[in-house]
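Listing of entry-v4.pdb; format and content: PDB, C-alpha atoms, pLDDT in the B column.
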```pdb
ATOM      1  CA  MET A  17      90.630 -28.318 -59.930  1.00 63.00           C
ATOM      2  CA  GLU A  18      93.912 -29.965 -58.997  1.00 72.00           C
ATOM      3  CA  TYR A  19      95.645 -29.578 -55.682  1.00 73.00           C
ATOM      4  CA  ALA A  20      99.377 -29.831 -55.188  1.00 81.00           C
ATOM      5  CA  ILE A  21     100.472 -31.952 -52.267  1.00 83.00           C
ATOM      6  CA  PRO A  22     103.928 -31.124 -50.908  1.00 87.00           C
ATOM      7  CA  PRO A  23     106.512 -33.904 -51.377  1.00 90.00           C
ATOM      8  CA  LYS A  24     106.941 -34.334 -47.606  1.00 91.00           C
ATOM      9  CA  GLN A  25     103.225 -35.067 -47.257  1.00 90.00           C
ATOM     10  CA  LEU A  26     103.293 -37.425 -50.243  1.00 92.00           C
ATOM     11  CA  ASN A  27     106.056 -39.347 -48.441  1.00 95.00           C
ATOM     12  CA  VAL A  28     103.865 -39.653 -45.336  1.00 95.00           C
ATOM     13  CA  ILE A  29     100.945 -40.940 -47.418  1.00 95.00           C
ATOM     14  CA  GLU A  30     103.168 -43.481 -49.182  1.00 96.00           C
ATOM     15  CA  THR A  31     104.623 -44.621 -45.846  1.00 97.00           C
ATOM     16  CA  VAL A  32     101.115 -45.095 -44.439  1.00 97.00           C
ATOM     17  CA  ARG A  33     100.060 -47.009 -47.575  1.00 97.00           C
ATOM     18  CA  THR A  34     102.979 -49.406 -47.058  1.00 97.00           C
ATOM     19  CA  PHE A  35     102.292 -49.692 -43.313  1.00 97.00           C
ATOM     20  CA  VAL A  36      98.640 -50.558 -43.950  1.00 96.00           C
ATOM     21  CA  LYS A  37      99.510 -53.162 -46.571  1.00 96.00           C
ATOM     22  CA  GLU A  38     102.401 -54.788 -44.737  1.00 97.00           C
ATOM     23  CA  ARG A  39     101.421 -54.439 -41.073  1.00 97.00           C
ATOM     24  CA  LEU A  40      97.690 -53.781 -40.685  1.00 96.00           C
ATOM     25  CA  GLU A  41      96.011 -55.846 -43.405  1.00 93.00           C
ATOM     26  CA  PRO A  42      97.692 -59.112 -42.302  1.00 95.00           C
ATOM     27  CA  ILE A  43      96.357 -58.766 -38.736  1.00 94.00           C
ATOM     28  CA  SER A  44      92.979 -57.197 -39.485  1.00 89.00           C
ATOM     29  CA  LEU A  45      90.906 -60.358 -38.955  1.00 87.00           C
ATOM     30  CA  GLN A  46      92.881 -61.285 -35.851  1.00 91.00           C
ATOM     31  CA  VAL A  47      92.287 -57.829 -34.363  1.00 89.00           C
ATOM     32  CA  GLU A  48      88.567 -58.073 -35.149  1.00 83.00           C
ATOM     33  CA  LYS A  49      88.332 -61.514 -33.551  1.00 86.00           C
ATOM     34  CA  GLU A  50      90.371 -60.673 -30.439  1.00 89.00           C
ATOM     35  CA  GLY A  51      89.215 -57.078 -30.030  1.00 86.00           C
ATOM     36  CA  ASN A  52      92.790 -55.963 -29.473  1.00 89.00           C
ATOM     37  CA  ILE A  53      95.271 -53.932 -31.477  1.00 94.00           C
ATOM     38  CA  PRO A  54      98.690 -55.290 -30.482  1.00 96.00           C
ATOM     39  CA  GLU A  55     100.777 -52.778 -28.542  1.00 94.00           C
ATOM     40  CA  GLU A  56     103.634 -53.162 -31.030  1.00 96.00           C
ATOM     41  CA  ILE A  57     101.297 -51.930 -33.795  1.00 96.00           C
ATOM     42  CA  VAL A  58     100.120 -48.986 -31.676  1.00 95.00           C
ATOM     43  CA  GLU A  59     103.752 -48.134 -30.997  1.00 96.00           C
ATOM     44  CA  GLU A  60     104.486 -48.239 -34.737  1.00 97.00           C
ATOM     45  CA  MET A  61     101.553 -45.866 -35.258  1.00 97.00           C
ATOM     46  CA  ARG A  62     103.123 -43.550 -32.683  1.00 96.00           C
ATOM     47  CA  GLN A  63     106.508 -43.733 -34.394  1.00 97.00           C
ATOM     48  CA  LEU A  64     104.898 -42.877 -37.751  1.00 97.00           C
ATOM     49  CA  GLY A  65     103.272 -39.802 -36.194  1.00 96.00           C
ATOM     50  CA  LEU A  66      99.737 -41.029 -36.862  1.00 96.00           C
ATOM     51  CA  PHE A  67      98.385 -39.551 -33.616  1.00 95.00           C
ATOM     52  CA  GLY A  68      99.366 -36.023 -34.658  1.00 95.00           C
ATOM     53  CA  LEU A  69      98.593 -35.769 -38.358  1.00 95.00           C
ATOM     54  CA  SER A  70      97.438 -32.144 -38.429  1.00 90.00           C
ATOM     55  CA  ILE A  71      99.048 -30.949 -35.204  1.00 95.00           C
ATOM     56  CA  PRO A  72     101.811 -28.471 -36.149  1.00 96.00           C
ATOM     57  CA  GLU A  73     105.382 -29.710 -36.150  1.00 96.00           C
ATOM     58  CA  LYS A  74     106.353 -27.261 -33.393  1.00 97.00           C
ATOM     59  CA  TYR A  75     104.120 -29.311 -31.058  1.00 97.00           C
ATOM     60  CA  GLY A  76     105.452 -32.667 -32.258  1.00 96.00           C
ATOM     61  CA  GLY A  77     102.865 -33.379 -34.952  1.00 96.00           C
ATOM     62  CA  LEU A  78     103.294 -33.939 -38.682  1.00 96.00           C
ATOM     63  CA  GLY A  79     101.595 -30.659 -39.639  1.00 94.00           C
ATOM     64  CA  LEU A  80      99.686 -32.152 -42.574  1.00 93.00           C
ATOM     65  CA  SER A  81      97.212 -30.089 -44.555  1.00 89.00           C
ATOM     66  CA  THR A  82      93.555 -31.092 -44.474  1.00 86.00           C
ATOM     67  CA  LEU A  83      93.982 -32.789 -47.843  1.00 88.00           C
ATOM     68  CA  GLY A  84      97.051 -34.659 -46.592  1.00 91.00           C
ATOM     69  CA  GLU A  85      95.159 -35.816 -43.521  1.00 90.00           C
ATOM     70  CA  VAL A  86      92.205 -37.008 -45.628  1.00 88.00           C
ATOM     71  CA  LEU A  87      94.546 -38.967 -47.901  1.00 92.00           C
ATOM     72  CA  VAL A  88      96.134 -40.641 -44.860  1.00 94.00           C
ATOM     73  CA  TYR A  89      92.652 -41.605 -43.633  1.00 90.00           C
ATOM     74  CA  GLU A  90      91.854 -42.966 -47.082  1.00 89.00           C
ATOM     75  CA  GLU A  91      94.842 -45.284 -46.768  1.00 93.00           C
ATOM     76  CA  MET A  92      93.955 -46.231 -43.178  1.00 89.00           C
ATOM     77  CA  THR A  93      90.409 -47.207 -44.159  1.00 84.00           C
ATOM     78  CA  ARG A  94      91.615 -49.776 -46.683  1.00 86.00           C
ATOM     79  CA  THR A  95      91.549 -52.214 -43.771  1.00 86.00           C
ATOM     80  CA  ASN A  96      89.702 -52.602 -40.456  1.00 83.00           C
ATOM     81  CA  ALA A  97      88.163 -49.307 -39.302  1.00 82.00           C
ATOM     82  CA  CYS A  98      89.418 -49.872 -35.759  1.00 84.00           C
ATOM     83  CA  PHE A  99      92.910 -48.752 -36.816  1.00 89.00           C
ATOM     84  CA  ARG A 100      91.597 -45.405 -38.036  1.00 88.00           C
ATOM     85  CA  SER A 101      89.418 -45.087 -34.943  1.00 85.00           C
ATOM     86  CA  ARG A 102      92.451 -45.666 -32.698  1.00 89.00           C
ATOM     87  CA  ILE A 103      94.097 -42.484 -34.026  1.00 90.00           C
ATOM     88  CA  GLY A 104      90.895 -40.578 -34.810  1.00 84.00           C
ATOM     89  CA  THR A 105      90.171 -38.757 -31.569  1.00 78.00           C
ATOM     90  CA  ASN A 106      93.710 -37.419 -31.332  1.00 83.00           C
ATOM     91  CA  ASN A 107      93.559 -36.042 -34.858  1.00 86.00           C
ATOM     92  CA  GLY A 108      90.040 -34.732 -34.739  1.00 82.00           C
ATOM     93  CA  ILE A 109      87.951 -32.635 -32.504  1.00 76.00           C
ATOM     94  CA  GLY A 110      89.923 -33.442 -29.340  1.00 76.00           C
ATOM     95  CA  SER A 111      93.208 -31.875 -30.407  1.00 87.00           C
ATOM     96  CA  MET A 112      91.713 -29.289 -32.729  1.00 85.00           C
ATOM     97  CA  GLY A 113      89.785 -27.672 -29.874  1.00 82.00           C
ATOM     98  CA  ILE A 114      93.058 -27.063 -28.064  1.00 87.00           C
ATOM     99  CA  LEU A 115      94.842 -25.986 -31.235  1.00 89.00           C
ATOM    100  CA  PHE A 116      92.166 -23.461 -32.251  1.00 85.00           C
ATOM    101  CA  ASP A 117      91.033 -22.128 -28.885  1.00 85.00           C
ATOM    102  CA  GLY A 118      93.606 -23.212 -26.305  1.00 88.00           C
ATOM    103  CA  THR A 119      96.029 -20.865 -24.616  1.00 91.00           C
ATOM    104  CA  ASP A 120      99.718 -21.044 -25.516  1.00 94.00           C
ATOM    105  CA  GLU A 121     100.290 -22.769 -22.182  1.00 94.00           C
ATOM    106  CA  GLN A 122      97.632 -25.424 -22.950  1.00 92.00           C
ATOM    107  CA  LYS A 123      99.032 -25.992 -26.439  1.00 94.00           C
ATOM    108  CA  LYS A 124     102.565 -26.490 -25.086  1.00 95.00           C
ATOM    109  CA  LYS A 125     101.324 -28.776 -22.316  1.00 94.00           C
ATOM    110  CA  TYR A 126      98.847 -31.009 -24.162  1.00 93.00           C
ATOM    111  CA  LEU A 127      99.568 -31.049 -27.905  1.00 95.00           C
ATOM    112  CA  PRO A 128     102.960 -32.816 -27.701  1.00 96.00           C
ATOM    113  CA  ARG A 129     101.411 -35.580 -25.557  1.00 94.00           C
ATOM    114  CA  ILE A 130      98.492 -35.893 -27.971  1.00 94.00           C
ATOM    115  CA  ALA A 131     100.700 -35.871 -31.096  1.00 95.00           C
ATOM    116  CA  SER A 132     102.948 -38.562 -29.625  1.00 96.00           C
ATOM    117  CA  GLY A 133      99.986 -40.855 -28.974  1.00 93.00           C
ATOM    118  CA  ARG A 134     100.825 -41.044 -25.264  1.00 92.00           C
ATOM    119  CA  SER A 135      97.498 -39.355 -24.438  1.00 89.00           C
ATOM    120  CA  THR A 136      94.103 -39.932 -26.001  1.00 84.00           C
ATOM    121  CA  THR A 137      91.721 -36.996 -26.250  1.00 80.00           C
ATOM    122  CA  ALA A 138      87.971 -36.645 -25.932  1.00 67.00           C
ATOM    123  CA  PHE A 139      85.498 -33.850 -26.430  1.00 62.00           C
ATOM    124  CA  ALA A 140      82.432 -33.123 -24.306  1.00 58.00           C
ATOM    125  CA  LEU A 141      79.983 -32.666 -27.132  1.00 60.00           C
ATOM    126  CA  THR A 142      76.625 -32.424 -25.420  1.00 63.00           C
ATOM    127  CA  GLU A 143      75.226 -31.057 -22.181  1.00 64.00           C
ATOM    128  CA  PRO A 144      71.609 -30.517 -21.061  1.00 67.00           C
ATOM    129  CA  ASN A 145      71.658 -26.731 -21.524  1.00 68.00           C
ATOM    130  CA  ALA A 146      73.888 -26.658 -24.575  1.00 64.00           C
ATOM    131  CA  GLY A 147      72.796 -29.447 -26.896  1.00 63.00           C
ATOM    132  CA  SER A 148      75.588 -29.839 -29.437  1.00 62.00           C
ATOM    133  CA  ASP A 149      76.464 -26.127 -29.515  1.00 62.00           C
ATOM    134  CA  ALA A 150      80.109 -26.506 -28.525  1.00 58.00           C
ATOM    135  CA  ALA A 151      80.406 -22.838 -27.610  1.00 57.00           C
ATOM    136  CA  GLN A 152      77.732 -23.212 -24.907  1.00 60.00           C
ATOM    137  CA  ILE A 153      79.216 -26.269 -23.191  1.00 57.00           C
ATOM    138  CA  SER A 154      80.185 -25.409 -19.628  1.00 56.00           C
ATOM    139  CA  THR A 155      82.478 -28.357 -18.936  1.00 53.00           C
ATOM    140  CA  SER A 156      85.940 -27.086 -19.687  1.00 49.00           C
ATOM    141  CA  THR A 157      88.165 -28.808 -22.223  1.00 42.00           C
ATOM    142  CA  GLU A 158      90.800 -29.047 -19.527  1.00 69.00           C
ATOM    143  CA  THR A 159      88.443 -31.023 -17.228  1.00 51.00           C
ATOM    144  CA  ALA A 160      87.307 -33.332 -20.060  1.00 47.00           C
ATOM    145  CA  SER A 161      90.929 -34.012 -20.996  1.00 44.00           C
ATOM    146  CA  LYS A 162      91.783 -34.840 -17.379  1.00 52.00           C
ATOM    147  CA  VAL A 163      88.910 -37.310 -17.150  1.00 61.00           C
ATOM    148  CA  ALA A 164      89.890 -38.989 -20.418  1.00 54.00           C
ATOM    149  CA  ASP A 165      93.553 -39.043 -19.383  1.00 54.00           C
ATOM    150  CA  LYS A 166      92.688 -40.620 -16.019  1.00 64.00           C
ATOM    151  CA  ALA A 167      90.488 -43.262 -17.650  1.00 66.00           C
ATOM    152  CA  MET A 168      93.243 -44.151 -20.077  1.00 60.00           C
ATOM    153  CA  ASP A 169      95.824 -44.105 -17.238  1.00 63.00           C
ATOM    154  CA  ILE A 170      93.743 -46.780 -15.545  1.00 71.00           C
ATOM    155  CA  PHE A 171      92.974 -48.872 -18.619  1.00 65.00           C
ATOM    156  CA  GLU A 172      95.887 -47.746 -20.844  1.00 64.00           C
ATOM    157  CA  ASP A 173      95.423 -49.006 -24.401  1.00 63.00           C
ATOM    158  CA  GLU A 174      93.336 -51.855 -23.037  1.00 63.00           C
ATOM    159  CA  GLY A 175      90.550 -49.306 -22.615  1.00 61.00           C
ATOM    160  CA  TYR A 176      89.860 -50.062 -26.266  1.00 56.00           C
ATOM    161  CA  LEU A 177      89.408 -53.800 -25.703  1.00 59.00           C
ATOM    162  CA  LYS A 178      85.934 -55.301 -25.825  1.00 56.00           C
ATOM    163  CA  ARG A 179      86.511 -57.246 -22.624  1.00 57.00           C
ATOM    164  CA  PHE A 180      86.330 -53.975 -20.661  1.00 55.00           C
ATOM    165  CA  GLN A 181      83.032 -52.127 -20.277  1.00 52.00           C
ATOM    166  CA  ILE A 182      84.829 -48.827 -20.841  1.00 53.00           C
ATOM    167  CA  GLU A 183      85.515 -49.845 -24.458  1.00 54.00           C
ATOM    168  CA  MET A 184      81.830 -49.553 -25.315  1.00 50.00           C
ATOM    169  CA  TYR A 185      81.542 -46.285 -23.405  1.00 49.00           C
ATOM    170  CA  LEU A 186      84.624 -44.764 -25.045  1.00 56.00           C
ATOM    171  CA  ARG A 187      83.553 -45.900 -28.488  1.00 53.00           C
ATOM    172  CA  ASP A 188      80.014 -44.625 -28.139  1.00 48.00           C
ATOM    173  CA  VAL A 189      80.800 -41.341 -26.429  1.00 48.00           C
ATOM    174  CA  ARG A 190      83.931 -40.388 -28.335  1.00 56.00           C
ATOM    175  CA  LEU A 191      83.014 -41.536 -31.792  1.00 50.00           C
ATOM    176  CA  TYR A 192      79.275 -41.747 -32.356  1.00 39.00           C
ATOM    177  CA  ARG A 193      78.371 -38.526 -30.601  1.00 45.00           C
ATOM    178  CA  ILE A 194      81.185 -36.725 -32.365  1.00 54.00           C
ATOM    179  CA  PHE A 195      79.930 -37.964 -35.709  1.00 49.00           C
ATOM    180  CA  GLU A 196      76.302 -37.099 -34.886  1.00 46.00           C
ATOM    181  CA  GLY A 197      77.137 -33.542 -33.937  1.00 52.00           C
ATOM    182  CA  THR A 198      79.855 -32.800 -36.459  1.00 52.00           C
ATOM    183  CA  SER A 199      77.599 -31.275 -39.122  1.00 52.00           C
ATOM    184  CA  GLU A 200      75.835 -29.002 -36.661  1.00 57.00           C
ATOM    185  CA  ILE A 201      79.113 -27.934 -35.071  1.00 58.00           C
ATOM    186  CA  GLN A 202      80.652 -27.257 -38.472  1.00 55.00           C
ATOM    187  CA  ARG A 203      77.657 -25.093 -39.422  1.00 55.00           C
ATOM    188  CA  LEU A 204      78.006 -23.128 -36.189  1.00 61.00           C
ATOM    189  CA  ILE A 205      81.749 -22.625 -36.559  1.00 61.00           C
ATOM    190  CA  ILE A 206      81.540 -21.676 -40.232  1.00 57.00           C
ATOM    191  CA  SER A 207      78.663 -19.267 -39.695  1.00 62.00           C
ATOM    192  CA  ARG A 208      80.383 -17.603 -36.728  1.00 67.00           C
ATOM    193  CA  ASN A 209      83.578 -17.165 -38.711  1.00 61.00           C
ATOM    194  CA  LEU A 210      81.693 -15.743 -41.664  1.00 61.00           C
ATOM    195  CA  LEU A 211      80.040 -13.178 -39.410  1.00 64.00           C
ATOM    196  CA  LYS A 212      83.351 -11.966 -37.973  1.00 61.00           C
TER     197      LYS A 212
END
```

Would you write out, as structure tokens, the structure that this file holds?
Amino acid sequence: MEYAIPPKQLNVIETVRTFVKERLEPISLQVEKEGNIPEEIVEEMRQLGLFGLSIPEKYGGLGLSTLGEVLVYEEMTRTNACFRSRIGTNNGIGSMGILFDGTDEQKKKYLPRIASGRSTTAFALTEPNAGSDAAQISTSTETASKVADKAMDIFEDEGYLKRFQIEMYLRDVRLYRIFEGTSEIQRLIISRNLLK
């Protein structure tokens, strides 16, 4: 089965392919060695809209389809995975929780900041009484976002540098736990939607 990708999305994918080849690949080893993505590169990622791939255009995102987003990630993973990780939380479960279940007020308040890359999102995936059943988590998304925002306000983009202890914490909590629980969460969401 073939899928048609709109020309606008094909342009985004081609732009990302060029960006990866011309800007990311040449600095990949340097970034690995220094543990730092240069701010000018992060700013270029912001300008390309890479922090809001699937966030709708009305909130400042690119509004890509799932296939378009996957193809962008395919291009991003042609080099050091840290570049994909830098944009991953904003495009994944952090922003999607607000997009799917947030109020209109929350969407208007948070999604433009997330899509612009000025805020980095997180998702409280596990709690003692909830396991990884996202629907049973009692910590509100709003509170988790505030904590993540405050941590990043303090450390800014340097929160991702290995020289700060928070880098390990952010990486482990935001990425590994998300990946561990993704399958179970997807099963829960799909089954609940099928039962509706």

One number please: atom CA of A:Pro72 to atom CA of A:Ala131, in Å, one decimal. 9.0 Å

Please list as an NGL selection string every residue within 12 Å of A:Asn27, counting all atoms listed in the file and excluding residues in the same chain fewer than 6 positions away. :A and (21 or 33-34 or 64 or 78 or 80 or 84 or 87-88)

Between atom CA of A:Asn106 and atom CA of A:Glu38, what is the spacing in Å?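 We find that atom CA of A:Glu38 and atom CA of A:Asn106 lie 23.6 Å from each other.
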
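Across the model, the gap from atom CA of A:Thr105 to atom CA of A:Thr137 is 5.8 Å.
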
Would you place a box with edges along x, y and z of the file around all atoms of stretch 122-134 of chain A listed there, add 4 Å to each of its six sides, and report the centre and edge lengths in Å to one decimal, as lines of an AutoDock Vina configuration file?
```
center_x = 100.3
center_y = -33.2
center_z = -26.7
size_x = 13.3
size_y = 23.6
size_z = 16.8
```

Residue with the minimum atom-to-atom distance to A:Ala97, picked from A:Leu40, A:Leu66, A:Val58, A:Ile130 with only C-alpha atoms counted, is A:Leu40

Proximity to A:Thr93 - best of A:Glu30, A:Glu41, A:Glu18, A:Glu73, only C-alpha atoms: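 For A:Thr93, the nearest of the candidates is A:Glu41.
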
Kindly indicate which residue among A:Arg129, A:Lys49, A:Lys123, A:Lys37 lies nearest to A:Gly65, using all atoms listed in the file for the distances.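 Smallest separation from A:Gly65 among the options: A:Arg129.
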
What does the PyMOL selection byres ((chain A and resi 133) around 12) select in this file, as a PyMOL selection string? chain A and resi 55+58-69+71+76-77+102-107+111+126-132+134-137+165+168+172-173

Just the selected residues (C-alpha atoms), exported as a tab-separated table (two decimals), in the frame of the given file, please.
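Final output, part-v7.tsv:
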```
chain	number	residue	atom	x	y	z
A	55	GLU	CA	100.78	-52.78	-28.54
A	58	VAL	CA	100.12	-48.99	-31.68
A	59	GLU	CA	103.75	-48.13	-31.00
A	60	GLU	CA	104.49	-48.24	-34.74
A	61	MET	CA	101.55	-45.87	-35.26
A	62	ARG	CA	103.12	-43.55	-32.68
A	63	GLN	CA	106.51	-43.73	-34.39
A	64	LEU	CA	104.90	-42.88	-37.75
A	65	GLY	CA	103.27	-39.80	-36.19
A	66	LEU	CA	99.74	-41.03	-36.86
A	67	PHE	CA	98.38	-39.55	-33.62
A	68	GLY	CA	99.37	-36.02	-34.66
A	69	LEU	CA	98.59	-35.77	-38.36
A	71	ILE	CA	99.05	-30.95	-35.20
A	76	GLY	CA	105.45	-32.67	-32.26
A	77	GLY	CA	102.86	-33.38	-34.95
A	102	ARG	CA	92.45	-45.67	-32.70
A	103	ILE	CA	94.10	-42.48	-34.03
A	104	GLY	CA	90.90	-40.58	-34.81
A	105	THR	CA	90.17	-38.76	-31.57
A	106	ASN	CA	93.71	-37.42	-31.33
A	107	ASN	CA	93.56	-36.04	-34.86
A	111	SER	CA	93.21	-31.88	-30.41
A	126	TYR	CA	98.85	-31.01	-24.16
A	127	LEU	CA	99.57	-31.05	-27.90
A	128	PRO	CA	102.96	-32.82	-27.70
A	129	ARG	CA	101.41	-35.58	-25.56
A	130	ILE	CA	98.49	-35.89	-27.97
A	131	ALA	CA	100.70	-35.87	-31.10
A	132	SER	CA	102.95	-38.56	-29.62
A	134	ARG	CA	100.82	-41.04	-25.26
A	135	SER	CA	97.50	-39.35	-24.44
A	136	THR	CA	94.10	-39.93	-26.00
A	137	THR	CA	91.72	-37.00	-26.25
A	165	ASP	CA	93.55	-39.04	-19.38
A	168	MET	CA	93.24	-44.15	-20.08
A	172	GLU	CA	95.89	-47.75	-20.84
A	173	ASP	CA	95.42	-49.01	-24.40
```

Could you get me a file of stretch 101-126 of chain A with N, CA and C atoms, as a short mmCIF file (atom, residue, chain, number, x, y, z; two decimals), in the first residue's frame, taken from the block above?
```
data_model
loop_
_atom_site.label_atom_id
_atom_site.label_comp_id
_atom_site.auth_asym_id
_atom_site.auth_seq_id
_atom_site.Cartn_x
_atom_site.Cartn_y
_atom_site.Cartn_z
N SER A 101 16.86 13.27 20.05
CA SER A 101 16.43 13.32 21.44
C SER A 101 16.13 14.75 21.88
N ARG A 102 16.90 15.71 21.37
CA ARG A 102 16.71 17.12 21.76
C ARG A 102 15.31 17.61 21.40
N ILE A 103 14.75 17.12 20.29
CA ILE A 103 13.42 17.57 19.88
C ILE A 103 12.33 16.57 20.27
N GLY A 104 12.74 15.39 20.73
CA GLY A 104 11.81 14.28 20.93
C GLY A 104 10.70 14.50 21.94
N THR A 105 11.04 15.05 23.12
CA THR A 105 10.00 15.20 24.13
C THR A 105 8.94 16.21 23.72
N ASN A 106 9.35 17.23 22.99
CA ASN A 106 8.36 18.22 22.54
C ASN A 106 7.41 17.65 21.50
N ASN A 107 7.88 16.72 20.71
CA ASN A 107 7.06 16.15 19.65
C ASN A 107 6.30 14.91 20.08
N GLY A 108 6.66 14.37 21.20
CA GLY A 108 6.05 13.11 21.62
C GLY A 108 5.00 13.28 22.68
N ILE A 109 5.15 12.46 23.67
CA ILE A 109 4.11 12.33 24.68
C ILE A 109 3.87 13.61 25.48
N GLY A 110 4.88 14.47 25.60
CA GLY A 110 4.70 15.71 26.33
C GLY A 110 3.68 16.65 25.70
N SER A 111 3.81 16.93 24.44
CA SER A 111 2.87 17.83 23.77
C SER A 111 1.58 17.13 23.38
N MET A 112 1.66 15.84 23.08
CA MET A 112 0.46 15.14 22.64
C MET A 112 -0.58 15.01 23.77
N GLY A 113 -0.11 14.89 25.01
CA GLY A 113 -1.03 14.85 26.13
C GLY A 113 -1.87 16.11 26.21
N ILE A 114 -1.23 17.24 25.99
CA ILE A 114 -1.95 18.52 26.00
C ILE A 114 -2.85 18.62 24.78
N LEU A 115 -2.34 18.21 23.63
CA LEU A 115 -3.13 18.30 22.40
C LEU A 115 -4.38 17.44 22.46
N PHE A 116 -4.25 16.22 22.97
CA PHE A 116 -5.39 15.30 23.00
C PHE A 116 -6.36 15.57 24.15
N ASP A 117 -5.82 15.88 25.32
CA ASP A 117 -6.68 15.97 26.51
C ASP A 117 -6.67 17.33 27.20
N GLY A 118 -5.90 18.27 26.71
CA GLY A 118 -5.86 19.59 27.34
C GLY A 118 -7.08 20.42 27.01
N THR A 119 -7.34 21.40 27.86
CA THR A 119 -8.43 22.34 27.60
C THR A 119 -7.99 23.29 26.50
N ASP A 120 -8.92 24.03 25.92
CA ASP A 120 -8.56 25.02 24.91
C ASP A 120 -7.58 26.04 25.49
N GLU A 121 -7.82 26.42 26.74
CA GLU A 121 -6.94 27.38 27.41
C GLU A 121 -5.52 26.83 27.53
N GLN A 122 -5.38 25.56 27.93
CA GLN A 122 -4.05 24.94 28.05
C GLN A 122 -3.37 24.84 26.68
N LYS A 123 -4.13 24.46 25.67
CA LYS A 123 -3.55 24.36 24.32
C LYS A 123 -3.01 25.71 23.86
N LYS A 124 -3.80 26.76 24.05
CA LYS A 124 -3.38 28.11 23.63
C LYS A 124 -2.18 28.60 24.43
N LYS A 125 -2.12 28.22 25.70
CA LYS A 125 -1.04 28.68 26.57
C LYS A 125 0.27 27.94 26.32
N TYR A 126 0.20 26.60 26.22
CA TYR A 126 1.42 25.80 26.20
C TYR A 126 1.91 25.39 24.81
#
```
